[in-house]
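**Student:** Here you go, data-v5.cif (mmCIF, C-alpha atoms):
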data_data
#
loop_
_atom_site.label_atom_id
_atom_site.label_comp_id
_atom_site.auth_asym_id
_atom_site.auth_seq_id
_atom_site.Cartn_x
_atom_site.Cartn_y
_atom_site.Cartn_z
CA MET A 1 0.00 0.00 0.00
CA VAL A 2 1.43 3.44 -0.94
CA ARG A 3 0.15 6.95 -0.36
CA ASN A 4 0.09 9.54 -3.13
CA ASN A 5 -1.44 12.97 -2.41
CA GLY A 6 -3.43 11.51 0.48
CA ILE A 7 -4.82 8.63 -1.58
CA GLU A 8 -4.06 5.09 -0.48
CA THR A 9 -3.26 2.96 -3.52
CA ILE A 10 -3.70 -0.77 -3.06
CA ASP A 11 -2.43 -3.30 -5.57
CA GLU A 12 -2.97 -6.52 -3.65
CA THR A 13 -6.29 -8.36 -3.37
CA ASN A 14 -7.98 -9.59 -0.21
CA GLY A 15 -7.44 -13.27 -0.85
CA GLY A 16 -11.11 -14.14 -0.70
CA ALA A 17 -11.65 -13.48 3.02
CA LEU A 18 -15.01 -12.30 4.31
CA LEU A 19 -14.25 -9.05 6.12
CA SER A 20 -16.51 -6.37 7.54
CA GLY A 21 -16.25 -3.06 9.36
CA LEU A 22 -17.86 0.21 10.39
CA PHE A 23 -15.83 3.31 9.48
CA TYR A 24 -16.14 6.96 10.52
CA GLU A 25 -14.09 8.86 7.94
CA SER A 26 -13.24 12.52 7.22
CA ASP A 27 -12.94 13.95 3.70
CA SER A 28 -9.26 12.95 3.56
CA TYR A 29 -10.27 9.30 3.25
CA ARG A 30 -9.46 7.74 -0.15
CA TYR A 31 -8.81 4.18 -1.34
CA ARG A 32 -7.63 3.30 -4.84
CA ARG A 33 -7.20 -0.13 -6.41
CA PRO A 34 -5.85 0.26 -9.96
CA SER A 35 -6.15 -3.48 -10.61
CA GLY A 36 -9.46 -4.02 -8.83
CA MET A 37 -10.05 -6.86 -6.34
CA SER A 38 -10.61 -10.59 -6.48
CA ASP A 39 -13.70 -10.20 -4.29
CA TRP A 40 -16.73 -7.89 -4.08
CA LEU A 41 -17.21 -4.86 -1.86
CA ILE A 42 -20.50 -3.59 -0.48
CA PHE A 43 -21.23 -0.41 1.51
CA TYR A 44 -24.14 1.00 3.48
CA THR A 45 -23.96 4.70 4.34
CA LEU A 46 -25.30 5.76 7.72
CA GLU A 47 -24.25 9.43 7.58
CA GLY A 48 -22.54 11.78 5.17
CA GLU A 49 -21.53 10.93 1.63
CA GLY A 50 -18.97 8.79 -0.13
CA TYR A 51 -18.06 8.40 -3.79
CA LEU A 52 -17.44 5.21 -5.79
CA ARG A 53 -15.38 5.75 -8.96
CA THR A 54 -14.74 3.23 -11.77
CA PRO A 55 -13.61 3.63 -15.41
CA HIS A 56 -17.27 4.17 -16.38
CA GLY A 57 -17.74 7.12 -14.05
CA GLU A 58 -18.55 8.12 -10.47
CA LYS A 59 -21.56 7.49 -8.25
CA ARG A 60 -22.32 8.92 -4.82
CA CYS A 61 -23.32 6.77 -1.86
CA ARG A 62 -25.37 8.92 0.50
CA SER A 63 -27.14 8.26 3.78
CA GLY A 64 -29.56 5.35 3.38
CA GLN A 65 -27.93 4.04 0.21
CA ILE A 66 -26.28 0.69 -0.55
CA GLY A 67 -23.25 0.76 -2.84
CA LEU A 68 -21.57 -2.23 -4.47
CA LEU A 69 -18.30 -2.55 -6.41
CA ARG A 70 -17.78 -5.57 -8.66
CA SER A 71 -14.68 -7.73 -8.53
CA GLY A 72 -11.96 -7.20 -11.11
CA ILE A 73 -12.88 -3.55 -11.76
CA PRO A 74 -10.28 -0.79 -11.19
CA HIS A 75 -11.77 1.63 -8.72
CA GLU A 76 -11.37 4.35 -6.16
CA TYR A 77 -13.68 5.24 -3.30
CA GLY A 78 -13.62 7.76 -0.50
CA THR A 79 -15.34 10.59 1.33
CA VAL A 80 -16.81 13.43 -0.71
CA SER A 81 -14.92 16.69 -0.20
CA GLY A 82 -16.35 18.77 2.64
CA SER A 83 -18.30 15.85 4.05
CA ARG A 84 -17.76 12.93 6.39
CA TRP A 85 -18.62 9.33 5.66
CA VAL A 86 -19.99 6.88 8.22
CA PHE A 87 -20.54 3.50 6.61
CA TYR A 88 -20.63 -0.25 7.01
CA TRP A 89 -18.57 -2.23 4.52
CA ALA A 90 -17.95 -5.89 3.72
CA HIS A 91 -15.64 -7.78 1.36
CA PHE A 92 -17.03 -11.10 0.15
CA GLN A 93 -16.77 -13.67 -2.61
CA LYS A 94 -19.44 -13.62 -5.32
CA LEU A 95 -22.82 -15.03 -4.28
CA PRO A 96 -25.41 -16.36 -6.77
CA GLU A 97 -27.84 -13.56 -5.82
CA ILE A 98 -25.48 -11.03 -7.44
CA ASP A 99 -26.89 -12.09 -10.81
CA TYR A 100 -30.19 -10.41 -9.91
CA LEU A 101 -28.43 -7.03 -9.93
CA PRO A 102 -27.76 -4.92 -13.03
CA ASN A 103 -24.53 -5.84 -14.84
CA GLU A 104 -22.76 -2.59 -13.95
CA GLU A 105 -19.31 -1.87 -12.51
CA CYS A 106 -20.77 0.10 -9.64
CA ILE A 107 -24.32 -0.14 -8.28
CA VAL A 108 -26.11 2.20 -5.86
CA ALA A 109 -29.58 1.43 -4.46
CA THR A 110 -31.58 3.88 -2.34
CA VAL A 111 -33.28 2.36 0.71
CA PRO A 112 -36.56 4.10 1.69
CA ASP A 113 -36.75 5.72 5.12
CA GLY A 114 -38.34 3.87 7.99
CA ASN A 115 -38.65 0.15 8.46
CA MET A 116 -36.59 -0.79 5.40
CA GLN A 117 -33.58 1.29 6.48
CA SER A 118 -33.77 -0.17 9.98
CA ARG A 119 -33.82 -3.66 8.47
CA VAL A 120 -30.76 -3.02 6.27
CA GLN A 121 -28.83 -1.38 9.11
CA GLN A 122 -29.58 -4.32 11.41
CA THR A 123 -28.47 -6.77 8.74
CA PHE A 124 -25.11 -5.01 8.32
CA HIS A 125 -24.79 -4.93 12.12
CA HIS A 126 -25.23 -8.72 12.16
CA ILE A 127 -22.61 -9.13 9.45
CA LEU A 128 -20.16 -7.02 11.44
CA ASN A 129 -20.75 -8.87 14.71
CA ASP A 130 -20.69 -12.36 13.18
CA SER A 131 -17.52 -11.66 11.20
CA ARG A 132 -15.78 -10.36 14.33
CA GLU A 133 -16.94 -13.00 16.80
CA ARG A 134 -16.41 -15.91 14.38
CA ALA A 135 -18.51 -18.33 16.41
CA SER A 136 -19.90 -21.53 14.92
CA PHE A 137 -21.31 -21.09 11.40
CA TRP A 138 -20.27 -17.39 11.35
CA HIS A 139 -19.33 -17.48 7.68
CA MET A 140 -22.69 -18.92 6.59
CA LEU A 141 -24.54 -16.44 8.79
CA CYS A 142 -22.65 -13.55 7.18
CA GLU A 143 -23.34 -14.87 3.69
CA ASN A 144 -27.04 -15.27 4.47
CA SER A 145 -27.14 -11.65 5.66
CA LEU A 146 -25.32 -10.50 2.53
CA ARG A 147 -27.81 -12.43 0.40
CA GLU A 148 -30.64 -10.54 2.09
CA VAL A 149 -29.03 -7.16 1.40
CA ILE A 150 -28.29 -8.06 -2.23
CA LEU A 151 -31.84 -9.29 -2.85
CA LEU A 152 -33.31 -6.18 -1.21
CA SER A 153 -31.07 -4.06 -3.46
CA ALA A 154 -32.25 -5.96 -6.53
CA GLN A 155 -35.85 -5.49 -5.43
CA LEU A 156 -35.36 -1.74 -4.95
CA LEU A 157 -33.63 -1.32 -8.31
CA GLU A 158 -36.33 -3.31 -10.08
CA ARG A 159 -39.26 -1.46 -8.60
CA ARG A 160 -37.92 2.11 -8.67
CA LEU A 161 -41.03 3.45 -6.97
CA ASP A 162 -41.35 6.94 -5.58
CA PRO A 163 -39.75 6.80 -2.09
CA ARG A 164 -42.97 8.10 -0.51
CA ILE A 165 -44.94 5.25 -2.05
CA GLU A 166 -42.31 2.79 -0.81
CA LEU A 167 -42.95 4.18 2.68
CA ALA A 168 -46.70 3.89 2.17
CA LEU A 169 -46.36 0.24 1.15
CA GLN A 170 -44.30 -0.47 4.25
CA TYR A 171 -46.89 1.27 6.43
CA LEU A 172 -49.71 -0.81 4.94
CA SER A 173 -47.75 -4.03 5.39
CA ARG A 174 -46.99 -3.25 9.05
CA ASN A 175 -50.53 -2.12 9.90
CA MET A 176 -52.47 -4.59 7.74
CA GLN A 177 -54.25 -6.18 10.71
CA GLN A 178 -55.46 -2.85 12.06
CA SER A 179 -57.97 -0.29 10.87
CA VAL A 180 -55.96 1.88 8.44
CA ARG A 181 -57.06 5.48 7.95
CA ILE A 182 -55.99 7.14 4.70
CA ASP A 183 -55.40 10.40 6.62
CA ASP A 184 -52.88 8.70 8.91
CA LEU A 185 -51.18 7.03 5.97
CA ALA A 186 -50.89 10.31 4.06
CA LYS A 187 -49.51 12.09 7.13
CA SER A 188 -46.90 9.36 7.69
CA VAL A 189 -45.42 9.89 4.21
CA GLY A 190 -45.78 13.69 4.10
CA LEU A 191 -48.46 13.95 1.42
CA SER A 192 -52.01 15.23 1.24
CA VAL A 193 -54.74 12.59 0.95
CA SER A 194 -55.53 13.54 -2.66
CA ARG A 195 -51.86 13.59 -3.71
CA LEU A 196 -51.21 10.25 -2.04
CA SER A 197 -54.21 8.65 -3.72
CA HIS A 198 -53.15 9.89 -7.15
CA LEU A 199 -49.46 9.01 -6.75
CA PHE A 200 -50.20 5.58 -5.23
CA LYS A 201 -52.42 4.61 -8.18
CA GLN A 202 -49.87 5.98 -10.64
CA GLU A 203 -46.96 4.06 -9.10
CA THR A 204 -48.61 0.75 -8.20
CA GLY A 205 -51.57 0.53 -10.57
CA ALA A 206 -53.99 0.03 -7.66
CA SER A 207 -55.78 2.22 -5.14
CA VAL A 208 -54.65 2.24 -1.51
CA LEU A 209 -57.73 0.25 -0.45
CA ASP A 210 -57.37 -2.29 -3.26
CA HIS A 211 -53.72 -2.87 -2.37
CA LEU A 212 -54.51 -3.22 1.34
CA ASN A 213 -57.31 -5.69 0.64
CA ARG A 214 -55.03 -7.72 -1.64
CA LEU A 215 -52.43 -7.94 1.13
CA ARG A 216 -55.06 -9.07 3.61
CA LEU A 217 -56.55 -11.67 1.27
CA GLN A 218 -53.14 -13.14 0.43
CA GLN A 219 -52.31 -13.43 4.12
CA ALA A 220 -55.70 -14.96 4.93
CA ALA A 221 -55.21 -17.59 2.20
CA LEU A 222 -51.79 -18.48 3.63
CA LEU A 223 -53.20 -18.74 7.17
CA MET A 224 -55.94 -21.12 6.04
CA GLU A 225 -53.61 -23.24 3.95
CA HIS A 226 -50.60 -23.50 6.26
CA MET A 227 -51.69 -22.54 9.78
CA GLY A 228 -54.98 -24.39 10.13
CA ARG A 229 -57.05 -21.24 10.62
CA THR A 230 -60.72 -21.38 9.74
CA ALA A 231 -62.08 -18.90 7.21
CA THR A 232 -63.65 -16.84 10.01
CA GLU A 233 -60.46 -16.86 12.10
CA ALA A 234 -58.31 -15.91 9.10
CA SER A 235 -60.57 -13.00 8.22
CA LEU A 236 -60.25 -11.58 11.74
CA ASP A 237 -56.51 -12.26 11.84
CA VAL A 238 -55.87 -10.03 8.83
CA GLY A 239 -58.14 -7.16 9.78
CA PHE A 240 -61.54 -7.94 8.25
CA TYR A 241 -64.26 -7.49 10.85
CA ASN A 242 -67.18 -8.18 8.51
CA TYR A 243 -67.02 -11.79 7.33
CA ASN A 244 -69.48 -11.30 4.47
CA HIS A 245 -67.35 -8.48 3.06
CA PHE A 246 -64.24 -10.66 3.39
CA ALA A 247 -65.94 -13.61 1.70
CA ALA A 248 -67.18 -11.46 -1.19
CA LEU A 249 -63.71 -10.02 -1.82
CA PHE A 250 -62.12 -13.46 -1.49
CA ARG A 251 -64.51 -15.02 -4.02
CA LYS A 252 -63.91 -12.13 -6.44
CA THR A 253 -60.12 -12.60 -6.16
CA TYR A 254 -59.79 -16.40 -5.98
CA GLY A 255 -62.96 -17.49 -7.76
CA ILE A 256 -64.21 -19.60 -4.83
CA SER A 257 -65.40 -18.98 -1.27
CA PRO A 258 -62.85 -18.94 1.60
CA ARG A 259 -64.30 -22.12 3.10
CA THR A 260 -64.11 -23.96 -0.24
CA TYR A 261 -60.54 -22.72 -0.68
CA LYS A 262 -59.54 -24.11 2.71
CA LYS A 263 -61.32 -27.42 2.02
CA ASP A 264 -59.63 -27.79 -1.39
CA LYS A 265 -56.16 -27.07 0.02
CA ALA A 266 -56.69 -29.58 2.85
CA ALA A 267 -57.83 -32.25 0.38
CA HIS A 268 -54.82 -31.60 -1.85
CA LYS A 269 -52.44 -32.12 1.11
CA GLU A 270 -54.11 -35.39 2.01
#
For the structure just supplied, provide its representation as structure tokens.

**Tutor:**
Amino acid sequence: MVRNNGIETIDETNGGALLSGLFYESDSYRYRRPSGMSDWLIFYTLEGEGYLRTPHGEKRCRSGQIGLLRSGIPHEYGTVSGSRWVFYWAHFQKLPEIDYLPNEECIVATVPDGNMQSRVQQTFHHILNDSRERASFWHMLCENSLREVILLSAQLLERRLDPRIELALQYLSRNMQQSVRIDDLAKSVGLSVSRLSHLFKQETGASVLDHLNRLRLQQAALLMEHMGRTATEASLDVGFYNYNHFAALFRKTYGISPRTYKKDKAAHKE
């Protein structure tokens, strides 16, 4: 490793080890690998802003964003001038889930605020702890966590929804079993009711109520099929307090009544 004008230039690879860390870096922080690496490198920015530079250009990795550098690609990364960069990082060998990501030298995925960011941060925290403690099965646990982050990144890049609608979808998923008021949902994502309704339909192709009902019906079907819940119990479990309304929506979606659905699934298992 040599320093040139404050930039650390690294020619060697990491030898395939799974390494992880949490760095707090000033704007003097720079790493350069003119020959790339034999492994892959993933980041998750908690605060500030970093840059990831490859022969095809530069991308920024800001708070709440996941960045990934492919193996074998010459690169440089560091803290953006005038900023600081607080980030998790991990070196790892290629996992099959990588193939779900775009075939680009450098990838950046934005994680919506709220529950999703908490989930990603916790996952990186697990990677860091497991890679440091190295208890039984630590390597497999780290790889499983990395798989989760990679798949979430692929999901985010594929959907490319408005961040406020991503937040709305998370809110509906978390509160599916409760009575959801459109006013509360709109307030939670910083939109008016009319703007939320329009943007939600534009981004997802469904109204807020239609999406919520679809979530509830899917969950009710799973509860009847796999958890032994009766049609009435499943309807209550997912937030329907009028069984007739639930049954009508279920028949419209699945083509049969909830009780017939449960009976058919049970017969199929037998």

**Student:** I would like the residues chosen by the PyMOL selection byres ((chain A and resi 108-125) around 6) on the shown file; could you give them as a short mmCIF file (atom, residue, chain, number, x, y, z; two decimals) with C-alpha atoms, in the frame of the given file?

**Tutor:**
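Saved the output as expr09.cif:
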data_model
loop_
_atom_site.label_atom_id
_atom_site.label_comp_id
_atom_site.auth_asym_id
_atom_site.auth_seq_id
_atom_site.Cartn_x
_atom_site.Cartn_y
_atom_site.Cartn_z
CA GLY A 64 -29.56 5.35 3.38
CA GLN A 65 -27.93 4.04 0.21
CA ILE A 66 -26.28 0.69 -0.55
CA GLY A 67 -23.25 0.76 -2.84
CA ILE A 107 -24.32 -0.14 -8.28
CA HIS A 126 -25.23 -8.72 12.16
CA ILE A 127 -22.61 -9.13 9.45
CA LEU A 128 -20.16 -7.02 11.44
CA SER A 145 -27.14 -11.65 5.66
CA SER A 153 -31.07 -4.06 -3.46
CA PRO A 163 -39.75 6.80 -2.09
#

**Student:** Restricting the calculation to only C-alpha atoms: of A:Ile98, A:Ser83, A:Lys59, A:Ala247, which residue gets closest to A:Leu152?

**Tutor:**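 Ranking A:Ile98, A:Ser83, A:Lys59, A:Ala247 by distance to A:Leu152, first place goes to A:Ile98.
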
**Student:** Could you tell me how far atom CA of A:Asp162 sits from atom CA of A:Tyr100, in Å to one decimal place?

**Tutor:** 21.1 Å

**Student:** Any chance you could resolve the PyMOL selection byres ((chain A and resi 164) around 10) against this file and give the residues as a list of chain:residue names?

**Tutor:**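 Expected selection for the PyMOL selection byres ((chain A and resi 164) around 10) here is A:Pro112, A:Asp113, A:Leu161, A:Asp162, A:Pro163, A:Ile165, A:Glu166, A:Leu167, A:Ala168, A:Leu169, A:Gln170, A:Ala186, A:Ser188, A:Val189, A:Gly190, A:Leu191, A:Leu196, A:Leu199, A:Phe200.
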
**Student:** Out of A:His211, A:Tyr261, A:Cys106, A:His75, which residue has the shortest atom-to-atom distance to A:Ala231 when counting only C-alpha atoms?

**Tutor:**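 Once distances to A:Ala231 are computed over only C-alpha atoms, the minimum belongs to A:Tyr261.
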
**Student:** Check which residues satisfy the PyMOL selection byres ((chain A and resi 233) around 12) in the file shown, then give them as an MDAnalysis selection string.

**Tutor:** chainID A and resid 219:221 223:224 227:232 234:243 246 258:259 262

**Student:** If we count all atoms listed in the file and set the cut-off at 7 Å, which residues sit around stretch 40-51 of chain A, ignoring sequence neighbours fewer than 4 positions away in its own chain? Please answer as a VMD selection string.

**Tutor:** chain A and resid 58 to 71 77 to 80 83 to 94

**Student:** What does the distance from atom CA of A:Asn175 to atom CA of A:Glu148 come to in Å, to one decimal?

**Tutor:**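 So the answer is 23.0 Å.
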
**Student:** Write out N, CA and C atoms for stretch 80-108 of chain A, as a compact mmCIF listing (two decimals), in the frame of the given file.

**Tutor:**
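Result file follows (result-v6.txt):
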# COMPACT_ATOMS: atom_id res chain seq x y z
N VAL A 80 -16.62 12.25 0.12
CA VAL A 80 -16.81 13.43 -0.71
C VAL A 80 -16.23 14.64 0.00
N SER A 81 -15.56 15.50 -0.76
CA SER A 81 -14.92 16.69 -0.20
C SER A 81 -15.92 17.53 0.59
N GLY A 82 -15.50 17.94 1.79
CA GLY A 82 -16.35 18.77 2.64
C GLY A 82 -17.37 18.00 3.45
N SER A 83 -17.34 16.67 3.34
CA SER A 83 -18.30 15.85 4.05
C SER A 83 -17.57 14.92 5.01
N ARG A 84 -18.31 14.05 5.66
CA ARG A 84 -17.76 12.93 6.39
C ARG A 84 -18.52 11.70 5.91
N TRP A 85 -17.97 10.54 6.17
CA TRP A 85 -18.62 9.33 5.66
C TRP A 85 -18.63 8.28 6.76
N VAL A 86 -19.81 7.93 7.23
CA VAL A 86 -19.99 6.88 8.22
C VAL A 86 -20.67 5.73 7.51
N PHE A 87 -20.00 4.58 7.44
CA PHE A 87 -20.54 3.50 6.61
C PHE A 87 -20.09 2.12 7.07
N TYR A 88 -20.99 1.16 6.88
CA TYR A 88 -20.63 -0.25 7.01
C TYR A 88 -20.01 -0.69 5.68
N TRP A 89 -19.12 -1.66 5.74
CA TRP A 89 -18.57 -2.23 4.52
C TRP A 89 -18.32 -3.72 4.73
N ALA A 90 -18.27 -4.46 3.64
CA ALA A 90 -17.95 -5.89 3.72
C ALA A 90 -17.34 -6.34 2.40
N HIS A 91 -16.24 -7.08 2.49
CA HIS A 91 -15.64 -7.78 1.36
C HIS A 91 -16.16 -9.22 1.37
N PHE A 92 -16.51 -9.74 0.20
CA PHE A 92 -17.03 -11.10 0.15
C PHE A 92 -16.82 -11.68 -1.24
N GLN A 93 -16.83 -13.00 -1.32
CA GLN A 93 -16.77 -13.67 -2.61
C GLN A 93 -18.15 -13.64 -3.26
N LYS A 94 -18.17 -13.74 -4.59
CA LYS A 94 -19.44 -13.62 -5.32
C LYS A 94 -20.45 -14.65 -4.84
N LEU A 95 -21.69 -14.17 -4.64
CA LEU A 95 -22.82 -15.03 -4.28
C LEU A 95 -23.78 -15.10 -5.47
N PRO A 96 -24.51 -16.20 -5.61
CA PRO A 96 -25.41 -16.36 -6.77
C PRO A 96 -26.41 -15.21 -6.92
N GLU A 97 -26.83 -14.62 -5.79
CA GLU A 97 -27.84 -13.56 -5.82
C GLU A 97 -27.35 -12.32 -6.56
N ILE A 98 -26.04 -12.17 -6.72
CA ILE A 98 -25.48 -11.03 -7.44
C ILE A 98 -26.07 -10.94 -8.85
N ASP A 99 -26.39 -12.08 -9.43
CA ASP A 99 -26.89 -12.09 -10.81
C ASP A 99 -28.25 -11.42 -10.96
N TYR A 100 -28.93 -11.14 -9.84
CA TYR A 100 -30.19 -10.41 -9.91
C TYR A 100 -29.97 -8.91 -10.05
N LEU A 101 -28.74 -8.45 -9.84
CA LEU A 101 -28.43 -7.03 -9.93
C LEU A 101 -28.07 -6.64 -11.36
N PRO A 102 -28.18 -5.36 -11.70
CA PRO A 102 -27.76 -4.92 -13.03
C PRO A 102 -26.27 -5.22 -13.26
N ASN A 103 -25.92 -5.52 -14.50
CA ASN A 103 -24.53 -5.84 -14.84
C ASN A 103 -23.74 -4.55 -15.03
N GLU A 104 -23.49 -3.87 -13.94
CA GLU A 104 -22.76 -2.59 -13.95
C GLU A 104 -21.54 -2.68 -13.04
N GLU A 105 -20.53 -1.86 -13.33
CA GLU A 105 -19.31 -1.87 -12.51
C GLU A 105 -19.59 -1.44 -11.08
N CYS A 106 -20.45 -0.48 -10.95
CA CYS A 106 -20.77 0.10 -9.64
C CYS A 106 -22.28 0.27 -9.55
N ILE A 107 -22.87 -0.18 -8.46
CA ILE A 107 -24.32 -0.14 -8.28
C ILE A 107 -24.65 0.61 -7.00
N VAL A 108 -25.64 1.49 -7.05
CA VAL A 108 -26.11 2.20 -5.86
C VAL A 108 -27.63 2.06 -5.79
